There are 2 protein chains.
Amino acid sequence: MRIAILLFPGYTATDAIGPYEVLSRLPQVQLQFVAQQPGLVRSDTGFLQIECAALPPADAVDILIVPGGPNAHLPLQEATLLDWLRQVDRNSVWTVSVCTGALLLGAAGLLSGRRATTYWDDLALLSAYGANPLDQRYVFDGKYLTAAGVSAGYDMALALFERLAGTTGAMAVQLALAYDPQPPFDCGSPHKAPPALVAAVRAQLVART
Amino acid sequence: MRIAILLFPGYTATDAIGPYEVLSRLPQVQLQFVAQQPGLVRSDTGFLQIECAALPPADAVDILIVPGGPNAHLPLQEATLLDWLRQVDRNSVWTVSVCTGALLLGAAGLLSGRRATTYWDDLALLSAYGANPLDQRYVFDGKYLTAAGVSAGYDMALALFERLAGTTGAMAVQLALAYDPQPPFDCGSPHKAPPALVAAVRAQLVART
């Protein structure tokens, strides 16, 4: 399995690192971080730089993973990048997004008529690309697999690992990563958080983009 | 708050990225990935390289974060690095580890007589450094904060965020990161996983180190 994780300036690190951490443990896997401008690519906070290879040939990617970020609307303007996404998708075994990475897949026309999810505050935007937004942690539709916001990439990638390498293997990875989450609060989705908190976080999100 | 996350060749990415993702959202924060050999530092899987600055002066770090990895025993030999850890700790407001990063703190003599935790398969090793190993998701002991394996850094960092910037702020970060985990299996700790799976993962861990 050849995995390419597409980074762009302003990606959210966990969107990319969650699937990386899980899927890099597949047997015989090759995994690359890739970008339209190869070299160091800086995350949304400005504090992290990950080294990226150039975009590989479209037929050299079995699993395409597109993370998101508060600037995920910027790559939407990049016709060359959207074209690369479409070409890779023609050959991919799985086409995957985390968070607002789904908007890139949508802009490339890959989610039309499909069930998909994205960051909780951006679900409505998926409809503009002809997708059926679902408010779920992750959504399988054929070879398309979309995860909800940021940390959902861990859950999604474990589910994908199970499809690729079986339940025992996926469980082994979950144990190896000590993925027995104990979040200190029960507020990780807008359905659980107090409405005032949801409003405050929404306002921050708008301020950041 | 000036945060330094210490990387070394063979770090586990999530150990570092979990605390980064949460704590980079503190108000007026400065955060650096640093390493004894600055430049690109490669993770345990070999597939990820993060750009690191040189080790900063010991009095320029308020929060020291030490991730782990299957090779965390290697930096234990580095007298210069252990000395830097001791010097930073003299000035730090918080000294923090994730996963086997606790073994580095231990080797630097910083956990002697303290309650601490680490990766589930390495808890016994903490005793060799005079620490009191606790099988918990994260352990506070004064300014020392140690997290269990890999993914525990998210839970730990949210708890630290709460201490630094209040409950509402920490809850806002948890919601912003959509941290409402839904792991596909209930096997993320050795107490929950079937014994045969625990044995298999233990064997893999030994094979990797």
# chains A, B, ... in the order shown; residues from 1 in each chain; ligands from 1

call {"tool": "residues_around", "arguments": {"residues": "range 191-204 of chain B", "least_positions_apart": "5", "cutoff": "10 Å", "atoms": "only C-alpha atoms", "output": "list in words"}}
result
Thr168, Gly169, Met171, Ala172, Val173, Gln174, Leu175, Ala176 and Asp180 of chain A; Trp120, Asp121, Phe185, Asp186 and Thr209 of chain B

call {"tool": "select_by_dssp", "arguments": {"residues": "chain A", "states": "helix (DSSP H, G or I)", "output": "PyMOL selection string"}}
result
chain A and resi 13-23+58-60+75-77+79-91+101-107+120-127+152-165+167-176+195-208

call {"tool": "interface_residues", "arguments": {"of": "chain B", "to": "chain A", "cutoff": "8 Å", "atoms": "only C-alpha atoms", "output": "ChimeraX atom specification"}}
result
/B:13-14,17-18,21,24-25,30-33,40,45,47-51,119-120,137,148-152,154-155,158-159,168,171-172,174-190,193,197-198,200-201

call {"tool": "write_last_selection", "arguments": {"atoms": "C-alpha atoms", "output": "PDB file, in the first residue's frame"}}
result
ATOM      1  CA  ALA B  13       4.765  11.485  16.388  1.00  0.00           C
ATOM      2  CA  THR B  14       1.532  11.473  18.377  1.00  0.00           C
ATOM      3  CA  ILE B  17       1.716  16.287  18.298  1.00  0.00           C
ATOM      4  CA  GLY B  18      -0.980  15.696  20.947  1.00  0.00           C
ATOM      5  CA  GLU B  21      -2.103  20.554  19.145  1.00  0.00           C
ATOM      6  CA  SER B  24      -0.309  25.718  20.865  1.00  0.00           C
ATOM      7  CA  ARG B  25      -3.763  27.184  21.484  1.00  0.00           C
ATOM      8  CA  GLN B  30       5.495  30.417  21.832  1.00  0.00           C
ATOM      9  CA  LEU B  31       6.179  26.815  20.907  1.00  0.00           C
ATOM     10  CA  GLN B  32       9.261  25.216  19.379  1.00  0.00           C
ATOM     11  CA  PHE B  33      10.226  21.712  18.370  1.00  0.00           C
ATOM     12  CA  LEU B  40      14.939  17.475  10.204  1.00  0.00           C
ATOM     13  CA  THR B  45       8.238   4.847  11.460  1.00  0.00           C
ATOM     14  CA  PHE B  47       8.023   8.291   7.230  1.00  0.00           C
ATOM     15  CA  LEU B  48       7.827  11.652   8.999  1.00  0.00           C
ATOM     16  CA  GLN B  49      10.379  14.416   9.421  1.00  0.00           C
ATOM     17  CA  ILE B  50       9.768  17.457  11.606  1.00  0.00           C
ATOM     18  CA  GLU B  51      12.013  20.533  11.481  1.00  0.00           C
ATOM     19  CA  TYR B 119       3.739   3.616  28.405  1.00  0.00           C
ATOM     20  CA  TRP B 120       1.798   0.641  29.837  1.00  0.00           C
ATOM     21  CA  ARG B 137      -3.827   8.209  32.000  1.00  0.00           C
ATOM     22  CA  ALA B 148       0.697   7.335  29.612  1.00  0.00           C
ATOM     23  CA  GLY B 149       1.308   5.996  26.105  1.00  0.00           C
ATOM     24  CA  VAL B 150       1.113   7.876  22.810  1.00  0.00           C
ATOM     25  CA  SER B 151      -2.494   9.128  22.569  1.00  0.00           C
ATOM     26  CA  ALA B 152      -2.610  10.016  26.305  1.00  0.00           C
ATOM     27  CA  TYR B 154      -4.178  14.750  24.246  1.00  0.00           C
ATOM     28  CA  ASP B 155      -5.926  14.026  27.553  1.00  0.00           C
ATOM     29  CA  LEU B 158      -6.193  19.343  27.996  1.00  0.00           C
ATOM     30  CA  ALA B 159      -5.826  18.877  31.756  1.00  0.00           C
ATOM     31  CA  THR B 168     -13.821  27.161  29.831  1.00  0.00           C
ATOM     32  CA  MET B 171     -13.311  22.951  26.999  1.00  0.00           C
ATOM     33  CA  ALA B 172     -13.211  25.328  24.027  1.00  0.00           C
ATOM     34  CA  GLN B 174     -11.553  20.197  23.200  1.00  0.00           C
ATOM     35  CA  LEU B 175     -14.549  21.278  21.119  1.00  0.00           C
ATOM     36  CA  ALA B 176     -12.363  23.041  18.538  1.00  0.00           C
ATOM     37  CA  LEU B 177     -10.411  19.792  18.095  1.00  0.00           C
ATOM     38  CA  ALA B 178     -13.672  17.819  17.882  1.00  0.00           C
ATOM     39  CA  TYR B 179     -12.194  15.632  20.589  1.00  0.00           C
ATOM     40  CA  ASP B 180     -15.182  13.381  21.103  1.00  0.00           C
ATOM     41  CA  PRO B 181     -13.345  10.099  20.625  1.00  0.00           C
ATOM     42  CA  GLN B 182     -15.201   7.077  19.324  1.00  0.00           C
ATOM     43  CA  PRO B 183     -12.551   4.346  19.123  1.00  0.00           C
ATOM     44  CA  PRO B 184     -13.832   1.412  17.079  1.00  0.00           C
ATOM     45  CA  PHE B 185     -12.680  -1.103  19.716  1.00  0.00           C
ATOM     46  CA  ASP B 186     -12.555  -1.174  23.499  1.00  0.00           C
ATOM     47  CA  CYS B 187      -9.013  -2.460  23.723  1.00  0.00           C
ATOM     48  CA  GLY B 188      -6.806   0.604  24.184  1.00  0.00           C
ATOM     49  CA  SER B 189      -5.337  -0.515  27.510  1.00  0.00           C
ATOM     50  CA  PRO B 190      -3.918  -3.886  28.569  1.00  0.00           C
ATOM     51  CA  ALA B 193      -7.619  -5.961  25.598  1.00  0.00           C
ATOM     52  CA  LEU B 197      -3.580  -9.431  22.043  1.00  0.00           C
ATOM     53  CA  VAL B 198      -1.560  -7.906  24.869  1.00  0.00           C
ATOM     54  CA  ALA B 200       1.173 -10.124  20.675  1.00  0.00           C
ATOM     55  CA  VAL B 201       1.613  -6.358  20.960  1.00  0.00           C
TER      56      VAL B 201
END

call {"tool": "residues_around", "arguments": {"residues": "Leu76 in chain A", "least_positions_apart": "3", "cutoff": "10 Å", "atoms": "only C-alpha atoms", "output": "MDAnalysis selection string"}}
result
chainID A and resid 71:73 79:82 103:108

call {"tool": "write_last_selection", "arguments": {"atoms": "all heavy atoms", "output": "compact mmCIF listing (two decimals), in the first residue's frame"}}
result
# COMPACT_ATOMS: atom_id res chain seq x y z
N ASN A 71 -7.41 27.05 6.91
CA ASN A 71 -7.19 27.66 5.59
C ASN A 71 -7.54 26.72 4.45
O ASN A 71 -7.06 26.88 3.35
CB ASN A 71 -5.72 28.08 5.44
CG ASN A 71 -5.35 29.17 6.42
OD1 ASN A 71 -6.15 30.07 6.66
ND2 ASN A 71 -4.17 29.07 7.00
N ALA A 72 -8.33 25.71 4.73
CA ALA A 72 -8.61 24.71 3.69
C ALA A 72 -9.35 25.33 2.50
O ALA A 72 -9.44 24.72 1.44
CB ALA A 72 -9.41 23.54 4.26
N HIS A 73 -9.85 26.57 2.66
CA HIS A 73 -10.49 27.20 1.51
C HIS A 73 -9.45 27.69 0.50
O HIS A 73 -9.75 27.89 -0.66
CB HIS A 73 -11.39 28.36 1.95
CG HIS A 73 -10.64 29.43 2.69
ND1 HIS A 73 -10.19 29.26 3.98
CD2 HIS A 73 -10.25 30.68 2.33
CE1 HIS A 73 -9.57 30.37 4.38
NE2 HIS A 73 -9.59 31.23 3.40
N ALA A 79 -6.19 25.22 -9.13
CA ALA A 79 -6.70 24.32 -10.18
C ALA A 79 -5.77 23.12 -10.39
O ALA A 79 -6.24 21.99 -10.57
CB ALA A 79 -6.87 25.10 -11.49
N THR A 80 -4.45 23.36 -10.33
CA THR A 80 -3.50 22.26 -10.55
C THR A 80 -3.64 21.19 -9.48
O THR A 80 -3.58 20.00 -9.76
CB THR A 80 -2.05 22.80 -10.48
OG1 THR A 80 -2.00 24.05 -11.16
CG2 THR A 80 -1.08 21.82 -11.08
N LEU A 81 -3.82 21.66 -8.25
CA LEU A 81 -3.94 20.72 -7.13
C LEU A 81 -5.24 19.92 -7.24
O LEU A 81 -5.25 18.70 -7.05
CB LEU A 81 -3.90 21.50 -5.81
CG LEU A 81 -3.77 20.65 -4.56
CD1 LEU A 81 -2.48 19.85 -4.58
CD2 LEU A 81 -3.82 21.53 -3.31
N LEU A 82 -6.33 20.60 -7.56
CA LEU A 82 -7.61 19.90 -7.70
C LEU A 82 -7.53 18.89 -8.84
O LEU A 82 -8.09 17.79 -8.76
CB LEU A 82 -8.75 20.90 -7.93
CG LEU A 82 -8.99 21.89 -6.78
CD1 LEU A 82 -10.17 22.80 -7.09
CD2 LEU A 82 -9.23 21.16 -5.45
N LEU A 103 -13.62 19.31 2.02
CA LEU A 103 -13.99 20.41 1.11
C LEU A 103 -13.10 20.40 -0.14
O LEU A 103 -13.54 20.74 -1.23
CB LEU A 103 -13.87 21.77 1.83
CG LEU A 103 -14.72 21.90 3.10
CD1 LEU A 103 -14.55 23.30 3.71
CD2 LEU A 103 -16.19 21.61 2.83
N LEU A 104 -11.85 19.96 0.03
CA LEU A 104 -10.97 19.84 -1.14
C LEU A 104 -11.46 18.71 -2.05
O LEU A 104 -11.50 18.88 -3.28
CB LEU A 104 -9.52 19.57 -0.71
CG LEU A 104 -8.69 20.82 -0.41
CD1 LEU A 104 -9.03 21.41 0.93
CD2 LEU A 104 -7.22 20.50 -0.53
N LEU A 105 -11.80 17.58 -1.43
CA LEU A 105 -12.34 16.49 -2.24
C LEU A 105 -13.62 16.96 -2.94
O LEU A 105 -13.84 16.67 -4.12
CB LEU A 105 -12.64 15.26 -1.38
CG LEU A 105 -11.46 14.59 -0.68
CD1 LEU A 105 -11.93 13.29 0.01
CD2 LEU A 105 -10.33 14.28 -1.65
N GLY A 106 -14.43 17.72 -2.21
CA GLY A 106 -15.67 18.23 -2.80
C GLY A 106 -15.40 19.17 -3.96
O GLY A 106 -15.99 19.05 -5.04
N ALA A 107 -14.45 20.08 -3.76
CA ALA A 107 -14.13 21.05 -4.81
C ALA A 107 -13.57 20.36 -6.04
O ALA A 107 -13.73 20.85 -7.17
CB ALA A 107 -13.13 22.08 -4.29
N ALA A 108 -12.93 19.22 -5.83
CA ALA A 108 -12.42 18.45 -6.97
C ALA A 108 -13.52 17.62 -7.63
O ALA A 108 -13.27 16.92 -8.62
CB ALA A 108 -11.28 17.54 -6.50

call {"tool": "atom_distance", "arguments": {"atom1": "CA of Pro70 in chain B", "atom2": "CA of Tyr11 in chain B"}}
result
7.3 Å

call {"tool": "atom_distance", "arguments": {"atom1": "CA of Ile3 in chain B", "atom2": "CA of Gln28 in chain B"}}
result
11.0 Å

call {"tool": "atom_distance", "arguments": {"atom1": "CA of Ser92 in chain A", "atom2": "CA of Glu78 in chain A"}}
result
20.7 Å

call {"tool": "select_by_dssp", "arguments": {"residues": "range 24-156 of chain B", "states": "strand (DSSP E)", "output": "ChimeraX atom specification"}}
result
/B:30-35,39-42,49-54,63-66,94-98,115-116,132-133,138-141,144-147

call {"tool": "write_last_selection", "arguments": {"atoms": "N, CA and C atoms", "output": "mmCIF file, in the first residue's frame"}}
result
data_model
loop_
_atom_site.group_PDB
_atom_site.id
_atom_site.type_symbol
_atom_site.label_atom_id
_atom_site.label_comp_id
_atom_site.auth_asym_id
_atom_site.auth_seq_id
_atom_site.Cartn_x
_atom_site.Cartn_y
_atom_site.Cartn_z
ATOM 1 N N GLN B 30 4.461 30.672 22.832
ATOM 2 C CA GLN B 30 5.495 30.417 21.832
ATOM 3 C C GLN B 30 5.847 28.947 21.965
ATOM 4 N N LEU B 31 5.914 28.260 20.854
ATOM 5 C CA LEU B 31 6.179 26.815 20.907
ATOM 6 C C LEU B 31 7.222 26.465 19.866
ATOM 7 N N GLN B 32 8.196 25.655 20.282
ATOM 8 C CA GLN B 32 9.261 25.216 19.379
ATOM 9 C C GLN B 32 9.434 23.712 19.485
ATOM 10 N N PHE B 33 9.691 23.069 18.355
ATOM 11 C CA PHE B 33 10.226 21.712 18.370
ATOM 12 C C PHE B 33 11.748 21.866 18.368
ATOM 13 N N VAL B 34 12.416 21.201 19.305
ATOM 14 C CA VAL B 34 13.859 21.368 19.443
ATOM 15 C C VAL B 34 14.528 19.993 19.496
ATOM 16 N N ALA B 35 15.807 19.979 19.145
ATOM 17 C CA ALA B 35 16.547 18.712 19.134
ATOM 18 C C ALA B 35 18.029 18.987 19.344
ATOM 19 N N GLY B 39 17.482 20.652 12.740
ATOM 20 C CA GLY B 39 17.188 20.276 11.357
ATOM 21 C C GLY B 39 16.058 19.256 11.365
ATOM 22 N N LEU B 40 16.015 18.453 10.319
ATOM 23 C CA LEU B 40 14.939 17.475 10.204
ATOM 24 C C LEU B 40 15.196 16.286 11.124
ATOM 25 N N VAL B 41 14.202 15.937 11.901
ATOM 26 C CA VAL B 41 14.333 14.797 12.817
ATOM 27 C C VAL B 41 13.240 13.778 12.469
ATOM 28 N N ARG B 42 13.690 12.536 12.289
ATOM 29 C CA ARG B 42 12.820 11.496 11.737
ATOM 30 C C ARG B 42 12.138 10.708 12.854
ATOM 31 N N GLN B 49 9.264 13.595 8.957
ATOM 32 C CA GLN B 49 10.379 14.416 9.421
ATOM 33 C C GLN B 49 9.849 15.781 9.844
ATOM 34 N N ILE B 50 10.174 16.160 11.067
ATOM 35 C CA ILE B 50 9.768 17.457 11.606
ATOM 36 C C ILE B 50 11.017 18.321 11.767
ATOM 37 N N GLU B 51 10.898 19.583 11.374
ATOM 38 C CA GLU B 51 12.013 20.533 11.481
ATOM 39 C C GLU B 51 12.173 20.981 12.935
ATOM 40 N N CYS B 52 13.387 20.896 13.432
ATOM 41 C CA CYS B 52 13.661 21.247 14.830
ATOM 42 C C CYS B 52 14.710 22.346 14.923
ATOM 43 N N ALA B 53 14.507 23.236 15.875
ATOM 44 C CA ALA B 53 15.523 24.231 16.223
ATOM 45 C C ALA B 53 16.543 23.582 17.163
ATOM 46 N N ALA B 54 17.665 24.266 17.360
ATOM 47 C CA ALA B 54 18.663 23.794 18.330
ATOM 48 C C ALA B 54 18.087 23.897 19.738
ATOM 49 N N ILE B 63 7.671 25.570 29.666
ATOM 50 C CA ILE B 63 7.081 24.228 29.675
ATOM 51 C C ILE B 63 7.953 23.328 28.804
ATOM 52 N N LEU B 64 8.549 22.346 29.439
ATOM 53 C CA LEU B 64 9.366 21.360 28.730
ATOM 54 C C LEU B 64 8.517 20.118 28.499
ATOM 55 N N ILE B 65 8.466 19.682 27.243
ATOM 56 C CA ILE B 65 7.675 18.486 26.922
ATOM 57 C C ILE B 65 8.588 17.457 26.259
ATOM 58 N N VAL B 66 8.629 16.275 26.840
ATOM 59 C CA VAL B 66 9.487 15.207 26.322
ATOM 60 C C VAL B 66 8.615 14.034 25.868
ATOM 61 N N TRP B 94 6.618 23.958 34.184
ATOM 62 C CA TRP B 94 6.103 22.590 34.080
ATOM 63 C C TRP B 94 7.139 21.728 33.361
ATOM 64 N N THR B 95 7.353 20.544 33.878
ATOM 65 C CA THR B 95 8.193 19.548 33.217
ATOM 66 C C THR B 95 7.295 18.351 32.915
ATOM 67 N N VAL B 96 7.185 18.051 31.622
ATOM 68 C CA VAL B 96 6.112 17.169 31.144
ATOM 69 C C VAL B 96 6.690 16.066 30.274
ATOM 70 N N SER B 97 6.131 14.875 30.381
ATOM 71 C CA SER B 97 6.503 13.813 29.440
ATOM 72 C C SER B 97 5.261 13.113 28.924
ATOM 73 N N VAL B 98 5.425 12.467 27.785
ATOM 74 C CA VAL B 98 4.393 11.590 27.226
ATOM 75 C C VAL B 98 5.072 10.258 26.965
ATOM 76 N N ARG B 115 5.504 10.599 41.933
ATOM 77 C CA ARG B 115 4.510 9.758 41.260
ATOM 78 C C ARG B 115 4.573 10.076 39.766
ATOM 79 N N ALA B 116 4.541 9.043 38.936
ATOM 80 C CA ALA B 116 4.667 9.274 37.492
ATOM 81 C C ALA B 116 4.067 8.102 36.735
ATOM 82 N N ASN B 132 7.575 6.522 41.618
ATOM 83 C CA ASN B 132 6.430 5.690 41.998
ATOM 84 C C ASN B 132 5.537 5.506 40.791
ATOM 85 N N PRO B 133 5.599 4.391 40.086
ATOM 86 C CA PRO B 133 4.803 4.253 38.865
ATOM 87 C C PRO B 133 3.310 4.128 39.180
ATOM 88 N N TYR B 138 -2.778 10.089 33.137
ATOM 89 C CA TYR B 138 -1.723 11.091 33.382
ATOM 90 C C TYR B 138 -1.644 11.333 34.867
ATOM 91 N N VAL B 139 -0.482 11.779 35.303
ATOM 92 C CA VAL B 139 -0.211 11.931 36.728
ATOM 93 C C VAL B 139 0.408 13.307 36.982
ATOM 94 N N PHE B 140 -0.226 14.089 37.838
ATOM 95 C CA PHE B 140 0.350 15.355 38.307
ATOM 96 C C PHE B 140 1.115 15.090 39.604
ATOM 97 N N ASP B 141 2.332 15.604 39.715
ATOM 98 C CA ASP B 141 3.040 15.616 40.999
ATOM 99 C C ASP B 141 3.845 16.924 41.046
ATOM 100 N N TYR B 144 5.539 18.408 37.917
ATOM 101 C CA TYR B 144 5.829 17.276 37.024
ATOM 102 C C TYR B 144 4.523 16.642 36.568
ATOM 103 N N LEU B 145 4.424 16.450 35.288
ATOM 104 C CA LEU B 145 3.199 15.913 34.694
ATOM 105 C C LEU B 145 3.615 14.873 33.666
ATOM 106 N N THR B 146 3.232 13.638 33.902
ATOM 107 C CA THR B 146 3.607 12.556 32.995
ATOM 108 C C THR B 146 2.349 11.909 32.456
ATOM 109 N N ALA B 147 2.365 11.604 31.161
ATOM 110 C CA ALA B 147 1.208 10.985 30.522
ATOM 111 C C ALA B 147 1.550 9.547 30.150
#

call {"tool": "decode", "arguments": {"residues": "range 123-133 of chain A", "atoms": "all heavy atoms", "output": "mmCIF file, in the first residue's frame"}}
result
data_model
loop_
_atom_site.group_PDB
_atom_site.id
_atom_site.type_symbol
_atom_site.label_atom_id
_atom_site.label_comp_id
_atom_site.auth_asym_id
_atom_site.auth_seq_id
_atom_site.Cartn_x
_atom_site.Cartn_y
_atom_site.Cartn_z
ATOM 1 N N LEU A 123 -20.345 21.388 8.019
ATOM 2 C CA LEU A 123 -21.131 20.329 7.376
ATOM 3 C C LEU A 123 -21.981 20.857 6.219
ATOM 4 O O LEU A 123 -22.069 20.228 5.161
ATOM 5 C CB LEU A 123 -22.022 19.631 8.405
ATOM 6 C CG LEU A 123 -21.340 18.488 9.183
ATOM 7 C CD1 LEU A 123 -22.167 18.111 10.407
ATOM 8 C CD2 LEU A 123 -21.127 17.278 8.275
ATOM 9 N N ALA A 124 -22.562 22.048 6.424
ATOM 10 C CA ALA A 124 -23.468 22.578 5.401
ATOM 11 C C ALA A 124 -22.734 22.854 4.087
ATOM 12 O O ALA A 124 -23.330 22.778 3.003
ATOM 13 C CB ALA A 124 -24.138 23.856 5.908
ATOM 14 N N LEU A 125 -21.415 23.152 4.199
ATOM 15 C CA LEU A 125 -20.651 23.480 2.990
ATOM 16 C C LEU A 125 -20.558 22.278 2.041
ATOM 17 O O LEU A 125 -20.388 22.449 0.830
ATOM 18 C CB LEU A 125 -19.236 23.939 3.353
ATOM 19 C CG LEU A 125 -19.135 25.229 4.184
ATOM 20 C CD1 LEU A 125 -17.680 25.543 4.506
ATOM 21 C CD2 LEU A 125 -19.783 26.403 3.437
ATOM 22 N N LEU A 126 -20.644 21.077 2.593
ATOM 23 C CA LEU A 126 -20.534 19.883 1.740
ATOM 24 C C LEU A 126 -21.649 19.824 0.708
ATOM 25 O O LEU A 126 -21.449 19.329 -0.412
ATOM 26 C CB LEU A 126 -20.566 18.609 2.595
ATOM 27 C CG LEU A 126 -19.275 18.225 3.306
ATOM 28 C CD1 LEU A 126 -19.498 16.946 4.107
ATOM 29 C CD2 LEU A 126 -18.143 18.023 2.292
ATOM 30 N N SER A 127 -22.813 20.322 1.087
ATOM 31 C CA SER A 127 -23.956 20.263 0.161
ATOM 32 C C SER A 127 -23.664 21.024 -1.123
ATOM 33 O O SER A 127 -24.130 20.649 -2.202
ATOM 34 C CB SER A 127 -25.207 20.852 0.816
ATOM 35 O OG SER A 127 -25.388 20.297 2.088
ATOM 36 N N ALA A 128 -22.887 22.094 -1.013
ATOM 37 C CA ALA A 128 -22.561 22.897 -2.197
ATOM 38 C C ALA A 128 -21.806 22.075 -3.239
ATOM 39 O O ALA A 128 -21.787 22.435 -4.421
ATOM 40 C CB ALA A 128 -21.737 24.119 -1.790
ATOM 41 N N TYR A 129 -21.173 20.995 -2.787
ATOM 42 C CA TYR A 129 -20.430 20.126 -3.718
ATOM 43 C C TYR A 129 -21.247 18.889 -4.096
ATOM 44 O O TYR A 129 -20.697 17.903 -4.603
ATOM 45 C CB TYR A 129 -19.098 19.718 -3.097
ATOM 46 C CG TYR A 129 -18.205 20.901 -2.786
ATOM 47 C CD1 TYR A 129 -17.843 21.205 -1.486
ATOM 48 C CD2 TYR A 129 -17.731 21.719 -3.816
ATOM 49 C CE1 TYR A 129 -17.029 22.304 -1.205
ATOM 50 C CE2 TYR A 129 -16.922 22.810 -3.545
ATOM 51 C CZ TYR A 129 -16.580 23.093 -2.245
ATOM 52 O OH TYR A 129 -15.785 24.180 -1.974
ATOM 53 N N GLY A 130 -22.542 18.933 -3.778
ATOM 54 C CA GLY A 130 -23.402 17.823 -4.173
ATOM 55 C C GLY A 130 -23.322 16.611 -3.269
ATOM 56 O O GLY A 130 -23.858 15.547 -3.588
ATOM 57 N N ALA A 131 -22.628 16.765 -2.112
ATOM 58 C CA ALA A 131 -22.530 15.637 -1.181
ATOM 59 C C ALA A 131 -23.716 15.628 -0.225
ATOM 60 O O ALA A 131 -24.412 16.626 -0.061
ATOM 61 C CB ALA A 131 -21.228 15.722 -0.400
ATOM 62 N N ASN A 132 -23.929 14.469 0.381
ATOM 63 C CA ASN A 132 -24.915 14.309 1.445
ATOM 64 C C ASN A 132 -24.218 14.407 2.785
ATOM 65 O O ASN A 132 -23.623 13.430 3.237
ATOM 66 C CB ASN A 132 -25.520 12.901 1.376
ATOM 67 C CG ASN A 132 -26.789 12.873 0.579
ATOM 68 O OD1 ASN A 132 -27.561 13.813 0.611
ATOM 69 N ND2 ASN A 132 -26.974 11.777 -0.137
ATOM 70 N N PRO A 133 -24.258 15.539 3.467
ATOM 71 C CA PRO A 133 -23.516 15.648 4.730
ATOM 72 C C PRO A 133 -24.141 14.784 5.820
ATOM 73 O O PRO A 133 -25.355 14.818 6.028
ATOM 74 C CB PRO A 133 -23.660 17.129 5.098
ATOM 75 C CG PRO A 133 -24.354 17.792 3.958
ATOM 76 C CD PRO A 133 -25.046 16.739 3.167
#
